[in-house]
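Trainee: Quick one: structure below, then a few questions.
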Amino acid sequence: MGRPAGPGVSAVLLTPGAGSGRSHPGLVAIEAALAPLPVERMDFPYRRAGRRAPDRAPKLVAAVVEGADALARRTEVAPERLVLGGRSMGGRICSMAVAEGLPAAGLVLVAYPLHPPGRPERLRVAHLPALALPCLFLSGTRDPFATPAELEQATATIPGPVTHVWFDGAGHELKRADEEVATAVSAWVAGLAPVAVGPPD
């Protein structure tokens, strides 16, 4: 049984990394830890079409916007009460969607891919200063996509409150840490402050 959600959260949308789908064990574990909070684990269009190569970022962002809208309508809650996020590429795309104006109560970013392995000069950080909302980053200390120092330096540009959870010795896949990741996500979501969503109907 998961912990109760924070008063500002009504549902969660989770997205997978580039090489996996909605059934990734890490996403399943997060959903279980958040129960009974409604959680939607979505696949990106390329995955649903049976293709291995991800679409370009604008199409992926559009899919997140569509998925968040569908979840808000299905659960009959304001979009501002959704937490968005996911693993690696999925979390990055969710953060880009929010930076472009998609409302959310918070972002959960598991193994955020700050740069391609071995290419620290190719930072994916241009949108981070537009994230004026709570952000949770969960990363291994040996992730080739972002060292702790690199990630902390990059996330210092985020105006919203940032929480880092580190998994000592873990790489990008966070192997054998699914339950610990899920527990940390559940605790963070439970602690989110209320958000202003306007008068009730």
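In the structure tokens, the first chain shown is A, the next is B, and so on; residue numbers restart at 1 for each chain, and ligands run from 1 in the order shown.
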Restrict the calculation to only C-alpha atoms, then for each residue of range 1-119 of chain A with any atom at most 10 Å from an atom of range 155-167 of chain A give the closest atom pair and their distance in Å to one decimal, rows by chain and rising residue number, as a tab-separated table.

Mentor:
```
residue	atom	partner	partner_atom	distance
A:Gly106	CA	A:Gly160	CA	9.3
A:Leu107	CA	A:Val162	CA	9.6
A:Val108	CA	A:Thr163	CA	9.7
A:Leu109	CA	A:His164	CA	9.7
A:Val110	CA	A:Val165	CA	9.5
A:Ala111	CA	A:Trp166	CA	9.8
A:Leu114	CA	A:Thr155	CA	9.9
```

Trainee: Keeping N, CA and C atoms, export the residues of the selection given above as a CSV table (one decimal), in the first residue's frame.

Mentor:
```
chain,number,residue,atom,x,y,z
A,106,GLY,N,4.3,18.8,-10.3
A,106,GLY,CA,5.6,18.4,-10.0
A,106,GLY,C,6.2,17.5,-11.1
A,107,LEU,N,7.5,17.3,-11.1
A,107,LEU,CA,8.2,16.5,-12.1
A,107,LEU,C,9.0,15.4,-11.3
A,108,VAL,N,8.9,14.2,-11.8
A,108,VAL,CA,9.7,13.1,-11.2
A,108,VAL,C,10.6,12.6,-12.4
A,109,LEU,N,11.9,12.8,-12.2
A,109,LEU,CA,12.9,12.5,-13.2
A,109,LEU,C,13.9,11.5,-12.8
A,110,VAL,N,13.6,10.2,-13.2
A,110,VAL,CA,14.5,9.1,-12.9
A,110,VAL,C,15.6,8.9,-13.9
A,111,ALA,N,16.8,8.9,-13.4
A,111,ALA,CA,18.0,8.7,-14.3
A,111,ALA,C,18.0,9.8,-15.4
A,114,LEU,N,21.4,13.9,-18.7
A,114,LEU,CA,21.9,15.2,-18.9
A,114,LEU,C,22.7,15.4,-20.2
```

Trainee: Fewer than 2 positions away in the same chain doesn't count, so skip those; otherwise give me all residues within 12 Å of Ala177 in chain A, counting only C-alpha atoms, as a PyMOL selection string.

Mentor: chain A and resi 25-27+29-30+110-111+138-140+165-175+179-184

Trainee: If we count only C-alpha atoms and set the cut-off at 7 Å, which residues sit around Val61 in chain A, ignoring sequence neighbours fewer than 5 positions away in its own chain? Please answer as an MDAnalysis selection string.

Mentor: chainID A and resid 93:94 96:97

Trainee: Restricting it to C-alpha atoms, dump the selection as a PDB file, in the first residue's frame.

Mentor:
```pdb
ATOM      1  CA  ILE A  93      10.532  14.916 -22.492  1.00  0.00           C
ATOM      2  CA  CYS A  94       8.069  15.557 -19.648  1.00  0.00           C
ATOM      3  CA  MET A  96      10.466  19.857 -21.845  1.00  0.00           C
ATOM      4  CA  ALA A  97       6.666  19.740 -22.122  1.00  0.00           C
TER       5      ALA A  97
END
```

Trainee: Please identify all polymer residues within 7 Å of Leu13 in chain A, counting only C-alpha atoms, omitting same-chain residues fewer than 3 positions from it, and present them as a list in words.

Mentor: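 Everything that qualifies: Val39, Glu40, Arg41, Ala68, Val83, Leu84 and Gly85 of chain A.
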
Trainee: So, with only C-alpha atoms as the atoms that count, which of A:Pro79, A:Pro103, A:Pro144, A:Pro134 lies closest to Pro120 in chain A?

Mentor: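 Between A:Pro79, A:Pro103, A:Pro144, A:Pro134, the residue approaching Pro120 in chain A most closely is A:Pro144.
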
Trainee: I need the residue nearest Arg119 in chain A from this list: A:Leu34, A:Ala105, A:Ala146, A:Ala190. Use only C-alpha atoms for the distance.

Mentor: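 Closest residue, counting only C-alpha atoms: A:Ala146.
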
Trainee: Give the helix (DSSP H, G or I) residues of range 7-140 of chain A, as DSSP finds them on the backbone, and put them as a PDB file with N, CA and C atoms, in the first residue's frame.

Mentor:
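Listing of states_7.pdb after writing:
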```pdb
ATOM      1  N   PRO A  25       9.795  -2.467 -15.336  1.00  0.00           N
ATOM      2  CA  PRO A  25       9.583  -2.793 -13.923  1.00  0.00           C
ATOM      3  C   PRO A  25       9.708  -1.586 -12.986  1.00  0.00           C
ATOM      4  N   GLY A  26      10.575  -0.648 -13.334  1.00  0.00           N
ATOM      5  CA  GLY A  26      10.721   0.530 -12.490  1.00  0.00           C
ATOM      6  C   GLY A  26       9.463   1.378 -12.457  1.00  0.00           C
ATOM      7  N   LEU A  27       8.793   1.503 -13.599  1.00  0.00           N
ATOM      8  CA  LEU A  27       7.548   2.269 -13.648  1.00  0.00           C
ATOM      9  C   LEU A  27       6.426   1.515 -12.939  1.00  0.00           C
ATOM     10  N   VAL A  28       6.396   0.203 -13.108  1.00  0.00           N
ATOM     11  CA  VAL A  28       5.393  -0.615 -12.429  1.00  0.00           C
ATOM     12  C   VAL A  28       5.546  -0.485 -10.911  1.00  0.00           C
ATOM     13  N   ALA A  29       6.795  -0.484 -10.440  1.00  0.00           N
ATOM     14  CA  ALA A  29       7.046  -0.363  -9.003  1.00  0.00           C
ATOM     15  C   ALA A  29       6.590   0.992  -8.472  1.00  0.00           C
ATOM     16  N   ILE A  30       6.813   2.047  -9.242  1.00  0.00           N
ATOM     17  CA  ILE A  30       6.370   3.377  -8.808  1.00  0.00           C
ATOM     18  C   ILE A  30       4.850   3.416  -8.725  1.00  0.00           C
ATOM     19  N   GLU A  31       4.179   2.851  -9.728  1.00  0.00           N
ATOM     20  CA  GLU A  31       2.718   2.825  -9.693  1.00  0.00           C
ATOM     21  C   GLU A  31       2.219   2.107  -8.441  1.00  0.00           C
ATOM     22  N   ALA A  32       2.825   0.963  -8.110  1.00  0.00           N
ATOM     23  CA  ALA A  32       2.404   0.208  -6.938  1.00  0.00           C
ATOM     24  C   ALA A  32       2.627   0.996  -5.656  1.00  0.00           C
ATOM     25  N   ALA A  33       3.738   1.712  -5.574  1.00  0.00           N
ATOM     26  CA  ALA A  33       4.048   2.481  -4.372  1.00  0.00           C
ATOM     27  C   ALA A  33       3.111   3.665  -4.196  1.00  0.00           C
ATOM     28  N   LEU A  34       2.568   4.180  -5.295  1.00  0.00           N
ATOM     29  CA  LEU A  34       1.692   5.348  -5.230  1.00  0.00           C
ATOM     30  C   LEU A  34       0.225   4.977  -5.002  1.00  0.00           C
ATOM     31  N   PRO A  45       4.484   7.194 -29.186  1.00  0.00           N
ATOM     32  CA  PRO A  45       3.937   6.708 -30.457  1.00  0.00           C
ATOM     33  C   PRO A  45       4.841   5.721 -31.190  1.00  0.00           C
ATOM     34  N   TYR A  46       6.152   5.948 -31.200  1.00  0.00           N
ATOM     35  CA  TYR A  46       7.039   5.048 -31.937  1.00  0.00           C
ATOM     36  C   TYR A  46       7.003   3.645 -31.340  1.00  0.00           C
ATOM     37  N   ARG A  47       6.850   3.588 -30.042  1.00  0.00           N
ATOM     38  CA  ARG A  47       6.792   2.285 -29.369  1.00  0.00           C
ATOM     39  C   ARG A  47       5.483   1.577 -29.710  1.00  0.00           C
ATOM     40  N   ARG A  48       4.390   2.321 -29.702  1.00  0.00           N
ATOM     41  CA  ARG A  48       3.090   1.729 -30.041  1.00  0.00           C
ATOM     42  C   ARG A  48       3.066   1.242 -31.489  1.00  0.00           C
ATOM     43  N   ALA A  57      12.016  15.150 -30.808  1.00  0.00           N
ATOM     44  CA  ALA A  57      11.504  15.706 -29.554  1.00  0.00           C
ATOM     45  C   ALA A  57      10.127  16.360 -29.678  1.00  0.00           C
ATOM     46  N   PRO A  58       9.842  17.163 -30.713  1.00  0.00           N
ATOM     47  CA  PRO A  58       8.508  17.789 -30.767  1.00  0.00           C
ATOM     48  C   PRO A  58       7.364  16.785 -30.767  1.00  0.00           C
ATOM     49  N   LYS A  59       7.530  15.661 -31.458  1.00  0.00           N
ATOM     50  CA  LYS A  59       6.477  14.645 -31.473  1.00  0.00           C
ATOM     51  C   LYS A  59       6.356  13.959 -30.113  1.00  0.00           C
ATOM     52  N   LEU A  60       7.485  13.751 -29.445  1.00  0.00           N
ATOM     53  CA  LEU A  60       7.455  13.149 -28.118  1.00  0.00           C
ATOM     54  C   LEU A  60       6.796  14.089 -27.110  1.00  0.00           C
ATOM     55  N   VAL A  61       7.133  15.379 -27.201  1.00  0.00           N
ATOM     56  CA  VAL A  61       6.505  16.366 -26.315  1.00  0.00           C
ATOM     57  C   VAL A  61       5.005  16.407 -26.550  1.00  0.00           C
ATOM     58  N   ALA A  62       4.590  16.383 -27.812  1.00  0.00           N
ATOM     59  CA  ALA A  62       3.160  16.394 -28.137  1.00  0.00           C
ATOM     60  C   ALA A  62       2.464  15.172 -27.550  1.00  0.00           C
ATOM     61  N   ALA A  63       3.135  14.026 -27.534  1.00  0.00           N
ATOM     62  CA  ALA A  63       2.543  12.821 -26.967  1.00  0.00           C
ATOM     63  C   ALA A  63       2.343  12.959 -25.459  1.00  0.00           C
ATOM     64  N   VAL A  64       3.286  13.597 -24.780  1.00  0.00           N
ATOM     65  CA  VAL A  64       3.137  13.828 -23.340  1.00  0.00           C
ATOM     66  C   VAL A  64       1.978  14.778 -23.074  1.00  0.00           C
ATOM     67  N   VAL A  65       1.877  15.842 -23.859  1.00  0.00           N
ATOM     68  CA  VAL A  65       0.768  16.786 -23.701  1.00  0.00           C
ATOM     69  C   VAL A  65      -0.566  16.065 -23.885  1.00  0.00           C
ATOM     70  N   GLU A  66      -0.630  15.222 -24.905  1.00  0.00           N
ATOM     71  CA  GLU A  66      -1.853  14.462 -25.164  1.00  0.00           C
ATOM     72  C   GLU A  66      -2.146  13.486 -24.024  1.00  0.00           C
ATOM     73  N   GLY A  67      -1.101  12.818 -23.546  1.00  0.00           N
ATOM     74  CA  GLY A  67      -1.287  11.867 -22.454  1.00  0.00           C
ATOM     75  C   GLY A  67      -1.732  12.528 -21.169  1.00  0.00           C
ATOM     76  N   ALA A  68      -1.164  13.693 -20.858  1.00  0.00           N
ATOM     77  CA  ALA A  68      -1.561  14.414 -19.649  1.00  0.00           C
ATOM     78  C   ALA A  68      -3.001  14.893 -19.747  1.00  0.00           C
ATOM     79  N   ASP A  69      -3.388  15.379 -20.922  1.00  0.00           N
ATOM     80  CA  ASP A  69      -4.758  15.833 -21.119  1.00  0.00           C
ATOM     81  C   ASP A  69      -5.739  14.673 -20.962  1.00  0.00           C
ATOM     82  N   ALA A  70      -5.400  13.527 -21.536  1.00  0.00           N
ATOM     83  CA  ALA A  70      -6.281  12.365 -21.434  1.00  0.00           C
ATOM     84  C   ALA A  70      -6.414  11.899 -19.992  1.00  0.00           C
ATOM     85  N   LEU A  71      -5.307  11.910 -19.238  1.00  0.00           N
ATOM     86  CA  LEU A  71      -5.351  11.495 -17.838  1.00  0.00           C
ATOM     87  C   LEU A  71      -6.182  12.468 -17.008  1.00  0.00           C
ATOM     88  N   ALA A  72      -6.004  13.760 -17.242  1.00  0.00           N
ATOM     89  CA  ALA A  72      -6.782  14.760 -16.510  1.00  0.00           C
ATOM     90  C   ALA A  72      -8.276  14.589 -16.774  1.00  0.00           C
ATOM     91  N   ARG A  73      -8.624  14.338 -18.027  1.00  0.00           N
ATOM     92  CA  ARG A  73     -10.040  14.154 -18.360  1.00  0.00           C
ATOM     93  C   ARG A  73     -10.588  12.852 -17.778  1.00  0.00           C
ATOM     94  N   ARG A  74      -9.775  11.788 -17.848  1.00  0.00           N
ATOM     95  CA  ARG A  74     -10.247  10.491 -17.347  1.00  0.00           C
ATOM     96  C   ARG A  74     -10.465  10.523 -15.842  1.00  0.00           C
ATOM     97  N   THR A  75      -9.598  11.209 -15.121  1.00  0.00           N
ATOM     98  CA  THR A  75      -9.703  11.266 -13.664  1.00  0.00           C
ATOM     99  C   THR A  75     -10.499  12.481 -13.184  1.00  0.00           C
ATOM    100  N   PRO A  79      -5.450  19.822 -14.757  1.00  0.00           N
ATOM    101  CA  PRO A  79      -4.098  19.445 -15.178  1.00  0.00           C
ATOM    102  C   PRO A  79      -3.024  19.869 -14.185  1.00  0.00           C
ATOM    103  N   GLU A  80      -3.260  20.953 -13.462  1.00  0.00           N
ATOM    104  CA  GLU A  80      -2.285  21.443 -12.488  1.00  0.00           C
ATOM    105  C   GLU A  80      -2.102  20.490 -11.318  1.00  0.00           C
ATOM    106  N   ARG A  81      -2.959  19.489 -11.214  1.00  0.00           N
ATOM    107  CA  ARG A  81      -2.861  18.541 -10.104  1.00  0.00           C
ATOM    108  C   ARG A  81      -2.182  17.230 -10.510  1.00  0.00           C
ATOM    109  N   SER A  88      14.683   8.394 -17.661  1.00  0.00           N
ATOM    110  CA  SER A  88      15.617   8.813 -18.704  1.00  0.00           C
ATOM    111  C   SER A  88      14.953   9.734 -19.725  1.00  0.00           C
ATOM    112  N   MET A  89      14.879   9.310 -20.994  1.00  0.00           N
ATOM    113  CA  MET A  89      14.302  10.155 -22.030  1.00  0.00           C
ATOM    114  C   MET A  89      12.873  10.567 -21.708  1.00  0.00           C
ATOM    115  N   GLY A  90      12.089   9.652 -21.147  1.00  0.00           N
ATOM    116  CA  GLY A  90      10.708   9.981 -20.831  1.00  0.00           C
ATOM    117  C   GLY A  90      10.599  11.131 -19.856  1.00  0.00           C
ATOM    118  N   GLY A  91      11.425  11.102 -18.811  1.00  0.00           N
ATOM    119  CA  GLY A  91      11.409  12.208 -17.862  1.00  0.00           C
ATOM    120  C   GLY A  91      11.872  13.506 -18.492  1.00  0.00           C
ATOM    121  N   ARG A  92      12.900  13.423 -19.328  1.00  0.00           N
ATOM    122  CA  ARG A  92      13.392  14.638 -19.996  1.00  0.00           C
ATOM    123  C   ARG A  92      12.308  15.245 -20.880  1.00  0.00           C
ATOM    124  N   ILE A  93      11.578  14.404 -21.618  1.00  0.00           N
ATOM    125  CA  ILE A  93      10.532  14.916 -22.492  1.00  0.00           C
ATOM    126  C   ILE A  93       9.413  15.550 -21.652  1.00  0.00           C
ATOM    127  N   CYS A  94       9.070  14.951 -20.528  1.00  0.00           N
ATOM    128  CA  CYS A  94       8.069  15.557 -19.648  1.00  0.00           C
ATOM    129  C   CYS A  94       8.535  16.933 -19.165  1.00  0.00           C
ATOM    130  N   SER A  95       9.805  17.043 -18.820  1.00  0.00           N
ATOM    131  CA  SER A  95      10.313  18.338 -18.354  1.00  0.00           C
ATOM    132  C   SER A  95      10.285  19.364 -19.483  1.00  0.00           C
ATOM    133  N   MET A  96      10.546  18.940 -20.711  1.00  0.00           N
ATOM    134  CA  MET A  96      10.466  19.857 -21.845  1.00  0.00           C
ATOM    135  C   MET A  96       9.028  20.310 -22.078  1.00  0.00           C
ATOM    136  N   ALA A  97       8.068  19.383 -21.941  1.00  0.00           N
ATOM    137  CA  ALA A  97       6.666  19.740 -22.122  1.00  0.00           C
ATOM    138  C   ALA A  97       6.234  20.778 -21.089  1.00  0.00           C
ATOM    139  N   VAL A  98       6.667  20.598 -19.852  1.00  0.00           N
ATOM    140  CA  VAL A  98       6.333  21.564 -18.803  1.00  0.00           C
ATOM    141  C   VAL A  98       7.000  22.910 -19.081  1.00  0.00           C
ATOM    142  N   ALA A  99       8.247  22.875 -19.524  1.00  0.00           N
ATOM    143  CA  ALA A  99       8.949  24.126 -19.845  1.00  0.00           C
ATOM    144  C   ALA A  99       8.246  24.884 -20.954  1.00  0.00           C
ATOM    145  N   LEU A 128      15.790  23.983 -18.618  1.00  0.00           N
ATOM    146  CA  LEU A 128      15.699  23.851 -17.162  1.00  0.00           C
ATOM    147  C   LEU A 128      15.319  25.151 -16.450  1.00  0.00           C
ATOM    148  N   PRO A 129      15.803  26.332 -16.864  1.00  0.00           N
ATOM    149  CA  PRO A 129      15.413  27.560 -16.170  1.00  0.00           C
ATOM    150  C   PRO A 129      13.930  27.892 -16.270  1.00  0.00           C
ATOM    151  N   ALA A 130      13.171  27.176 -17.096  1.00  0.00           N
ATOM    152  CA  ALA A 130      11.732  27.417 -17.226  1.00  0.00           C
ATOM    153  C   ALA A 130      10.911  26.511 -16.310  1.00  0.00           C
TER     154      ALA A 130
END
```
